[in-house]
$ cat work27.txt   # compact mmCIF, C-alpha atoms and all ligand atoms
# COMPACT_ATOMS: atom_id res chain seq x y z
CA MET M 30 9.53 19.03 6.75
CA ALA M 31 8.01 21.55 4.32
CA LYS M 32 7.43 19.37 1.25
CA PRO M 33 8.39 15.76 1.85
CA THR M 34 9.85 13.65 -0.94
CA ILE M 35 7.86 10.45 -1.25
CA GLY M 36 8.99 7.52 -3.34
CA VAL M 37 6.72 5.19 -5.28
CA LEU M 38 8.08 1.69 -5.79
CA ALA M 39 8.19 1.49 -9.58
CA LEU M 40 9.04 -2.14 -10.34
CA GLN M 41 5.54 -3.13 -11.43
CA GLY M 42 1.92 -2.00 -11.02
CA ASP M 43 0.14 1.35 -11.12
CA PHE M 44 2.92 3.56 -9.76
CA GLU M 45 2.26 6.46 -12.16
CA ALA M 46 -1.22 7.08 -10.78
CA HIS M 47 0.32 7.32 -7.29
CA GLU M 48 2.84 9.91 -8.45
CA LYS M 49 -0.02 12.11 -9.69
CA ALA M 50 -2.03 11.55 -6.51
CA LEU M 51 1.00 12.54 -4.40
CA ALA M 52 1.41 15.73 -6.39
CA ARG M 53 -2.29 16.53 -5.74
CA ALA M 54 -1.64 15.91 -2.03
CA GLY M 55 1.25 18.39 -1.95
CA ALA M 56 4.26 16.07 -1.94
CA CYS M 57 7.20 15.73 -4.26
CA ALA M 58 6.96 12.26 -5.86
CA VAL M 59 9.83 10.20 -7.26
CA GLN M 60 10.11 6.67 -8.65
CA VAL M 61 12.08 4.14 -6.62
CA ARG M 62 13.83 1.25 -8.38
CA THR M 63 17.13 0.91 -6.54
CA ARG M 64 18.61 1.04 -3.03
CA GLU M 65 20.06 4.47 -3.84
CA ASP M 66 16.59 5.74 -4.82
CA LEU M 67 15.22 4.38 -1.54
CA GLU M 68 17.88 6.15 0.51
CA ALA M 69 16.82 9.49 -0.97
CA VAL M 70 13.14 9.44 0.10
CA ASP M 71 11.30 10.29 3.34
CA GLY M 72 8.48 7.79 2.83
CA LEU M 73 7.42 5.16 0.29
CA ILE M 74 4.27 3.95 -1.45
CA ILE M 75 4.05 0.32 -2.55
CA PRO M 76 1.38 0.38 -5.28
CA GLY M 77 -1.22 -2.10 -6.44
CA GLY M 78 -0.27 -4.66 -9.06
CA GLU M 79 0.54 -8.32 -8.60
CA SER M 80 2.17 -9.09 -5.30
CA THR M 81 3.87 -12.35 -6.34
CA THR M 82 5.52 -10.63 -9.31
CA MET M 83 6.49 -7.64 -7.17
CA LEU M 84 8.05 -9.97 -4.64
CA LYS M 85 10.13 -11.67 -7.35
CA LEU M 86 11.30 -8.30 -8.66
CA LEU M 87 12.17 -7.13 -5.14
CA ARG M 88 14.36 -10.22 -4.73
CA ARG M 89 15.93 -9.79 -8.16
CA GLU M 90 16.77 -6.14 -7.51
CA ASP M 91 18.03 -6.97 -4.01
CA LEU M 92 15.47 -4.62 -2.50
CA PHE M 93 13.55 -6.90 -0.12
CA GLU M 94 15.78 -6.46 2.94
CA PRO M 95 16.51 -2.76 2.29
CA LEU M 96 12.74 -2.18 2.11
CA ARG M 97 12.18 -3.98 5.39
CA SER M 98 14.84 -1.90 7.15
CA PHE M 99 13.48 1.28 5.54
CA GLY M 100 10.09 0.46 7.11
CA GLU M 101 11.67 0.12 10.54
CA THR M 102 12.23 3.87 10.67
CA LYS M 103 10.29 5.45 7.80
CA PRO M 104 6.62 5.45 6.74
CA ILE M 105 5.31 3.07 4.08
CA PHE M 106 1.84 3.17 2.49
CA GLY M 107 0.77 -0.06 0.81
CA THR M 108 -2.24 -0.25 -1.49
CA CYS M 109 -3.75 -3.55 -2.59
CA ALA M 110 -0.71 -5.66 -3.66
CA GLY M 111 1.30 -3.24 -1.47
CA ALA M 112 -0.99 -4.10 1.45
CA ILE M 113 -0.25 -7.79 0.85
CA LEU M 114 3.50 -7.10 0.90
CA LEU M 115 3.27 -5.17 4.18
CA ALA M 116 1.10 -7.71 6.04
CA LYS M 117 2.44 -10.04 8.72
CA GLU M 118 0.37 -12.96 7.45
CA VAL M 119 -0.75 -13.75 3.89
CA THR M 120 -3.16 -16.52 2.85
CA ASN M 121 -4.78 -17.83 -0.36
CA PRO M 122 -2.05 -18.82 -1.01
CA ALA M 123 0.48 -18.13 1.75
CA GLN M 124 3.31 -15.90 0.58
CA GLU M 125 6.40 -14.25 1.99
CA SER M 126 5.95 -10.64 3.06
CA LEU M 127 7.72 -7.74 4.76
CA GLY M 128 5.67 -8.24 7.94
CA LEU M 129 5.73 -4.56 8.87
CA MET M 130 1.98 -4.34 9.62
CA ASN M 131 0.31 -6.44 12.26
CA ILE M 132 -2.48 -7.64 9.95
CA GLY M 133 -3.48 -10.86 8.25
CA VAL M 134 -4.72 -10.64 4.65
CA GLU M 135 -6.44 -13.07 2.31
CA ARG M 136 -5.45 -12.49 -1.31
CA ASN M 137 -8.26 -12.06 -3.85
CA GLY M 138 -10.60 -12.18 -0.86
CA TYR M 139 -13.71 -11.12 -2.76
CA GLY M 140 -13.38 -14.01 -5.18
CA ARG M 141 -13.78 -14.18 -8.92
CA GLN M 142 -17.34 -12.84 -8.96
CA LEU M 143 -16.04 -9.53 -7.75
CA ASP M 144 -12.99 -8.76 -9.87
CA SER M 145 -13.44 -5.04 -9.53
CA ARG M 146 -16.00 -2.68 -8.10
CA ILE M 147 -16.37 0.96 -7.08
CA VAL M 148 -18.20 1.57 -3.80
CA ARG M 149 -18.96 4.52 -1.56
CA LEU M 150 -17.77 3.91 2.00
CA ARG M 151 -19.71 5.26 5.00
CA ASP M 152 -17.34 8.16 5.57
CA GLY M 153 -17.59 9.35 1.98
CA TYR M 154 -14.51 7.72 0.49
CA GLU M 155 -15.04 6.38 -3.00
CA ALA M 156 -13.21 3.07 -3.04
CA VAL M 157 -12.06 1.20 -6.15
CA PHE M 158 -11.40 -2.50 -5.48
CA ILE M 159 -9.45 -4.55 -8.07
CA ARG M 160 -8.92 -8.22 -7.16
CA ALA M 161 -8.49 -6.86 -3.67
CA PRO M 162 -7.29 -8.68 -0.58
CA ILE M 163 -9.47 -8.76 2.54
CA ILE M 164 -7.93 -7.83 5.86
CA ARG M 165 -8.98 -10.86 7.94
CA SER M 166 -7.27 -9.94 11.21
CA VAL M 167 -5.92 -6.82 12.86
CA GLY M 168 -3.52 -7.16 15.77
CA GLU M 169 -2.23 -4.91 18.50
CA GLY M 170 -1.33 -1.38 17.52
CA VAL M 171 -3.49 -1.33 14.38
CA THR M 172 -6.30 1.24 14.04
CA VAL M 173 -9.11 0.75 11.53
CA LEU M 174 -9.82 4.04 9.71
CA ALA M 175 -12.48 2.83 7.25
CA ARG M 176 -14.51 -0.30 6.59
CA TYR M 177 -16.43 -1.75 3.66
CA GLY M 178 -19.28 -3.60 5.35
CA ALA M 179 -17.55 -5.33 8.25
CA ASP M 180 -14.13 -5.55 6.58
CA PRO M 181 -11.38 -3.07 7.45
CA VAL M 182 -10.16 -1.46 4.20
CA LEU M 183 -8.01 1.43 5.46
CA VAL M 184 -5.82 0.80 8.52
CA GLU M 185 -2.82 2.39 10.15
CA GLN M 186 -0.15 1.23 12.54
CA GLY M 187 2.13 3.95 13.78
CA ARG M 188 3.87 5.45 10.76
CA HIS M 189 2.47 2.92 8.27
CA LEU M 190 -0.77 2.96 6.30
CA VAL M 191 -2.58 0.28 4.31
CA ALA M 192 -5.55 0.44 1.92
CA THR M 193 -7.02 -2.60 0.19
CA PHE M 194 -8.60 -0.26 -2.36
CA HIS M 195 -6.98 2.18 -4.84
CA PRO M 196 -7.15 5.81 -3.61
CA GLU M 197 -4.82 6.84 -6.47
CA LEU M 198 -7.62 6.13 -8.96
CA THR M 199 -10.11 8.66 -7.58
CA GLU M 200 -10.02 12.45 -7.34
CA ASP M 201 -10.34 12.51 -3.53
CA ALA M 202 -6.83 13.29 -2.24
CA ARG M 203 -7.61 12.69 1.47
CA VAL M 204 -5.93 9.30 1.80
CA HIS M 205 -2.71 10.48 0.13
CA LYS M 206 -2.83 13.65 2.26
CA LEU M 207 -3.03 11.50 5.35
CA PHE M 208 0.12 9.67 4.28
CA VAL M 209 1.92 12.91 3.38
CA GLU M 210 1.10 14.17 6.90
CA LYS M 211 2.54 10.98 8.41
CA VAL M 212 5.75 11.47 6.46
CA ALA M 213 5.96 15.16 7.32
CA ALA M 214 5.52 14.33 11.03
CA GLN M 215 8.64 12.11 11.10
N1 LIG B 301 -4.69 -9.72 -6.43
C1 LIG B 301 -3.42 -9.03 -6.45
C2 LIG B 301 -2.36 -9.79 -5.67
O1 LIG B 301 -2.65 -10.73 -5.00
C3 LIG B 301 -3.56 -7.61 -5.93
C4 LIG B 301 -4.45 -6.81 -6.83
C5 LIG B 301 -4.14 -5.34 -6.89
O2 LIG B 301 -3.12 -4.86 -6.40
N2 LIG B 301 -5.00 -4.60 -7.56
O3 LIG B 301 -1.22 -9.43 -5.72

$ encode --input "work27.txt" --output "structure tokens" --more "lines below"
Ligand code: GLN
Amino acid sequence: MAKPTIGVLALQGDFEAHEKALARAGACAVQVRTREDLEAVDGLIIPGGESTTMLKLLRREDLFEPLRSFGETKPIFGTCAGAILLAKEVTNPAQESLGLMNIGVERNGYGRQLDSRIVRLRDGYEAVFIRAPIIRSVGEGVTVLARYGADPVLVEQGRHLVATFHPELTEDARVHKLFVEKVAAQ
């Protein structure tokens, strides 16, 4: 696949920043709002935003099941609220999810004191956290690619990728490149 077409779920949240980041990473980015849009892409990013609202919109647009089946064969990258939607288990409070990643997440895990923060991770990534979830458990098949302190913040499982931070808000294109490579390898 020379230049994969990657969709960004554009129901709610910061999808425009992801489109720009994908362009920087060498992919062709398109907005996804319908089943037809979803059928036309090789991979999908679920952006940050508000996961409960996104869930409601997915139900309203009849996209929840199509998204789950898409993830059974194609790569999905979830950031922040997107990470919550991909997780197998969600707490604080519990919430329905696609269950495509074998991880457990706690919503707003850093609490109110830490609404947002920019940190430098050990491997050089600059990570922007905005009311971020914490990945509390990683199950079989999941590899931790980066941590903030002891907490996994960038993890992969086969074709899927999850970040609890916002790589679309920094200049470093490495995380998006990693996802573009995953899509191109399909
Ligand atoms: N706290 C949000 C939620 O639970 C996620 C925040 C984000 O995506 N920046 O959905």

$ closest_atom_pairs --input "work27.txt" --of "stretch 71-135 of chain M" --to "stretch 172-190 of chain M" --cutoff "7 Å" --atoms "only C-alpha atoms" --output "Markdown table"
| residue | atom | partner | partner_atom | distance |
| --- | --- | --- | --- | --- |
| M:Pro104 | CA | M:Arg188 | CA | 4.9 |
| M:Ile105 | CA | M:His189 | CA | 5.1 |
| M:Phe106 | CA | M:Leu190 | CA | 4.6 |
| M:Gly107 | CA | M:Leu190 | CA | 6.5 |
| M:Met130 | CA | M:Gln186 | CA | 6.6 |

$ write_last_selection --input "work27.txt" --atoms "C-alpha atoms" --output "short mmCIF file (atom, residue, chain, number, x, y, z; two decimals), in the coordinates of the input"
data_model
loop_
_atom_site.label_atom_id
_atom_site.label_comp_id
_atom_site.auth_asym_id
_atom_site.auth_seq_id
_atom_site.Cartn_x
_atom_site.Cartn_y
_atom_site.Cartn_z
CA PRO M 104 6.62 5.45 6.74
CA ILE M 105 5.31 3.07 4.08
CA PHE M 106 1.84 3.17 2.49
CA GLY M 107 0.77 -0.06 0.81
CA MET M 130 1.98 -4.34 9.62
#

$ residues_around --input "work27.txt" --residues "stretch 144-151 of chain M" --least-positions-apart "2" --cutoff "9 Å" --atoms "all atoms listed in the file" --output "MDAnalysis selection string"
chainID M and resid 137 139:142 153:161 175:178

$ closest_atom_pairs --input "work27.txt" --of "stretch 171-210 of chain M" --to "stretch 34-50 of chain M" --cutoff "8 Å" --atoms "all atoms listed in the file" --output "JSON lines"
{"residue": "M:Glu197", "atom": "CA", "partner": "M:His47", "partner_atom": "CA", "distance": 5.2}
{"residue": "M:Leu198", "atom": "CA", "partner": "M:Ala46", "partner_atom": "CA", "distance": 6.7}
{"residue": "M:Ala202", "atom": "CA", "partner": "M:Ala50", "partner_atom": "CA", "distance": 6.7}
{"residue": "M:His205", "atom": "CA", "partner": "M:Ala50", "partner_atom": "CA", "distance": 6.8}
{"residue": "M:Val209", "atom": "CA", "partner": "M:Ile35", "partner_atom": "CA", "distance": 7.9}

$ residues_near_ligand --input "work27.txt" --ligand "ligand LIG 301 (chain B)" --cutoff "9 Å" --atoms "all atoms listed in the file" --output "PyMOL selection string"
chain M and resi 42-43+76-83+108-114+121+135-138+145+158-162+193-195

$ atom_distance --input "work27.txt" --atom1 "atom CA of M:Gly100" --atom2 "atom CA of M:Leu129"
6.9 Å

$ closest_residue --input "work27.txt" --among "M:Val134, M:Ile74, M:Ala56, M:Leu127" --to "M:Arg97" --atoms "all atoms listed in the file"
M:Leu127

$ atom_distance --input "work27.txt" --atom1 "atom CA of M:Lys103" --atom2 "atom CA of M:Leu73"
8.0 Å

$ atom_distance --input "work27.txt" --atom1 "atom CA of M:Lys32" --atom2 "atom CA of M:Ala213"
7.5 Å

$ closest_residue --input "work27.txt" --among "M:Val119, M:Ile132, M:Ala192, M:Val204" --to "M:Glu169" --atoms "all atoms listed in the file"
M:Ile132

$ closest_residue --input "work27.txt" --among "M:Leu96, M:Lys206, M:Gly55, M:Lys85" --to "M:Glu68" --atoms "only C-alpha atoms"
M:Leu96

$ decode --input "work27.txt" --residues "stretch 42-56 of chain M" --atoms "all heavy atoms" --output "tab-separated table (two decimals), in the first residue's frame"
chain	number	residue	atom	x	y	z
M	42	GLY	N	-15.07	15.88	18.99
M	42	GLY	CA	-13.68	15.82	19.46
M	42	GLY	C	-12.70	16.48	18.51
M	42	GLY	O	-13.10	17.19	17.59
M	43	ASP	N	-11.39	16.22	18.73
M	43	ASP	CA	-10.38	16.99	17.99
M	43	ASP	C	-9.91	16.24	16.73
M	43	ASP	O	-8.73	15.98	16.54
M	43	ASP	CB	-9.23	17.41	18.91
M	43	ASP	CG	-8.28	16.30	19.26
M	43	ASP	OD1	-8.72	15.12	19.25
M	43	ASP	OD2	-7.11	16.57	19.53
M	44	PHE	N	-10.87	15.95	15.85
M	44	PHE	CA	-10.52	15.18	14.65
M	44	PHE	C	-9.67	15.97	13.65
M	44	PHE	O	-8.84	15.40	12.96
M	44	PHE	CB	-11.78	14.61	13.99
M	44	PHE	CG	-12.90	15.58	13.77
M	44	PHE	CD1	-12.95	16.32	12.60
M	44	PHE	CD2	-13.91	15.73	14.71
M	44	PHE	CE1	-13.99	17.20	12.38
M	44	PHE	CE2	-14.95	16.62	14.50
M	44	PHE	CZ	-14.99	17.36	13.34
M	45	GLU	N	-9.83	17.30	13.62
M	45	GLU	CA	-9.08	18.08	12.62
M	45	GLU	C	-7.58	18.03	12.87
M	45	GLU	O	-6.79	17.95	11.93
M	45	GLU	CB	-9.58	19.52	12.58
M	45	GLU	CG	-10.89	19.60	11.80
M	45	GLU	CD	-11.55	20.95	11.84
M	45	GLU	OE1	-11.16	21.79	12.68
M	45	GLU	OE2	-12.48	21.15	11.04
M	46	ALA	N	-7.19	18.06	14.13
M	46	ALA	CA	-5.76	17.98	14.46
M	46	ALA	C	-5.17	16.65	14.00
M	46	ALA	O	-4.03	16.57	13.56
M	46	ALA	CB	-5.56	18.17	15.97
M	47	HIS	N	-5.99	15.58	14.08
M	47	HIS	CA	-5.51	14.26	13.61
M	47	HIS	C	-5.33	14.24	12.09
M	47	HIS	O	-4.41	13.61	11.58
M	47	HIS	CB	-6.49	13.16	14.03
M	47	HIS	CG	-6.23	12.64	15.40
M	47	HIS	ND1	-5.12	11.89	15.72
M	47	HIS	CD2	-6.94	12.75	16.54
M	47	HIS	CE1	-5.17	11.57	17.00
M	47	HIS	NE2	-6.26	12.09	17.52
M	48	GLU	N	-6.22	14.92	11.39
M	48	GLU	CA	-6.09	14.95	9.92
M	48	GLU	C	-4.76	15.59	9.54
M	48	GLU	O	-4.05	15.09	8.66
M	48	GLU	CB	-7.22	15.78	9.30
M	48	GLU	CG	-8.57	15.11	9.36
M	48	GLU	CD	-9.61	15.97	8.68
M	48	GLU	OE1	-9.62	16.00	7.43
M	48	GLU	OE2	-10.38	16.63	9.39
M	49	LYS	N	-4.40	16.67	10.21
M	49	LYS	CA	-3.13	17.36	9.92
M	49	LYS	C	-1.96	16.47	10.29
M	49	LYS	O	-0.97	16.38	9.55
M	49	LYS	CB	-3.06	18.69	10.67
M	49	LYS	CG	-4.03	19.70	10.10
M	49	LYS	CD	-3.95	21.04	10.81
M	49	LYS	CE	-5.11	21.91	10.34
M	49	LYS	NZ	-5.71	22.69	11.42
M	50	ALA	N	-2.06	15.80	11.45
M	50	ALA	CA	-0.96	14.93	11.89
M	50	ALA	C	-0.77	13.77	10.91
M	50	ALA	O	0.35	13.35	10.63
M	50	ALA	CB	-1.25	14.42	13.30
M	51	LEU	N	-1.88	13.25	10.37
M	51	LEU	CA	-1.78	12.15	9.41
M	51	LEU	C	-1.10	12.61	8.12
M	51	LEU	O	-0.30	11.88	7.53
M	51	LEU	CB	-3.16	11.59	9.08
M	51	LEU	CG	-3.75	10.63	10.12
M	51	LEU	CD1	-5.21	10.33	9.78
M	51	LEU	CD2	-2.95	9.33	10.19
M	52	ALA	N	-1.41	13.83	7.72
M	52	ALA	CA	-0.78	14.37	6.52
M	52	ALA	C	0.73	14.49	6.75
M	52	ALA	O	1.53	14.12	5.89
M	52	ALA	CB	-1.40	15.72	6.17
M	53	ARG	N	1.13	14.96	7.95
M	53	ARG	CA	2.56	15.06	8.28
M	53	ARG	C	3.22	13.69	8.29
M	53	ARG	O	4.40	13.55	8.02
M	53	ARG	CB	2.75	15.68	9.69
M	53	ARG	CG	2.44	17.16	9.79
M	53	ARG	CD	3.12	17.76	11.02
M	53	ARG	NE	2.57	17.30	12.28
M	53	ARG	CZ	1.51	17.84	12.89
M	53	ARG	NH1	0.91	18.88	12.34
M	53	ARG	NH2	1.06	17.37	14.03
M	54	ALA	N	2.43	12.65	8.60
M	54	ALA	CA	2.98	11.29	8.68
M	54	ALA	C	2.92	10.56	7.33
M	54	ALA	O	3.24	9.38	7.25
M	54	ALA	CB	2.25	10.50	9.76
M	55	GLY	N	2.46	11.25	6.29
M	55	GLY	CA	2.50	10.68	4.95
M	55	GLY	C	1.28	9.86	4.55
M	55	GLY	O	1.35	9.05	3.63
M	56	ALA	N	0.15	10.08	5.23
M	56	ALA	CA	-1.06	9.35	4.85
M	56	ALA	C	-2.07	10.32	4.24
M	56	ALA	O	-1.97	11.53	4.40
M	56	ALA	CB	-1.68	8.67	6.06
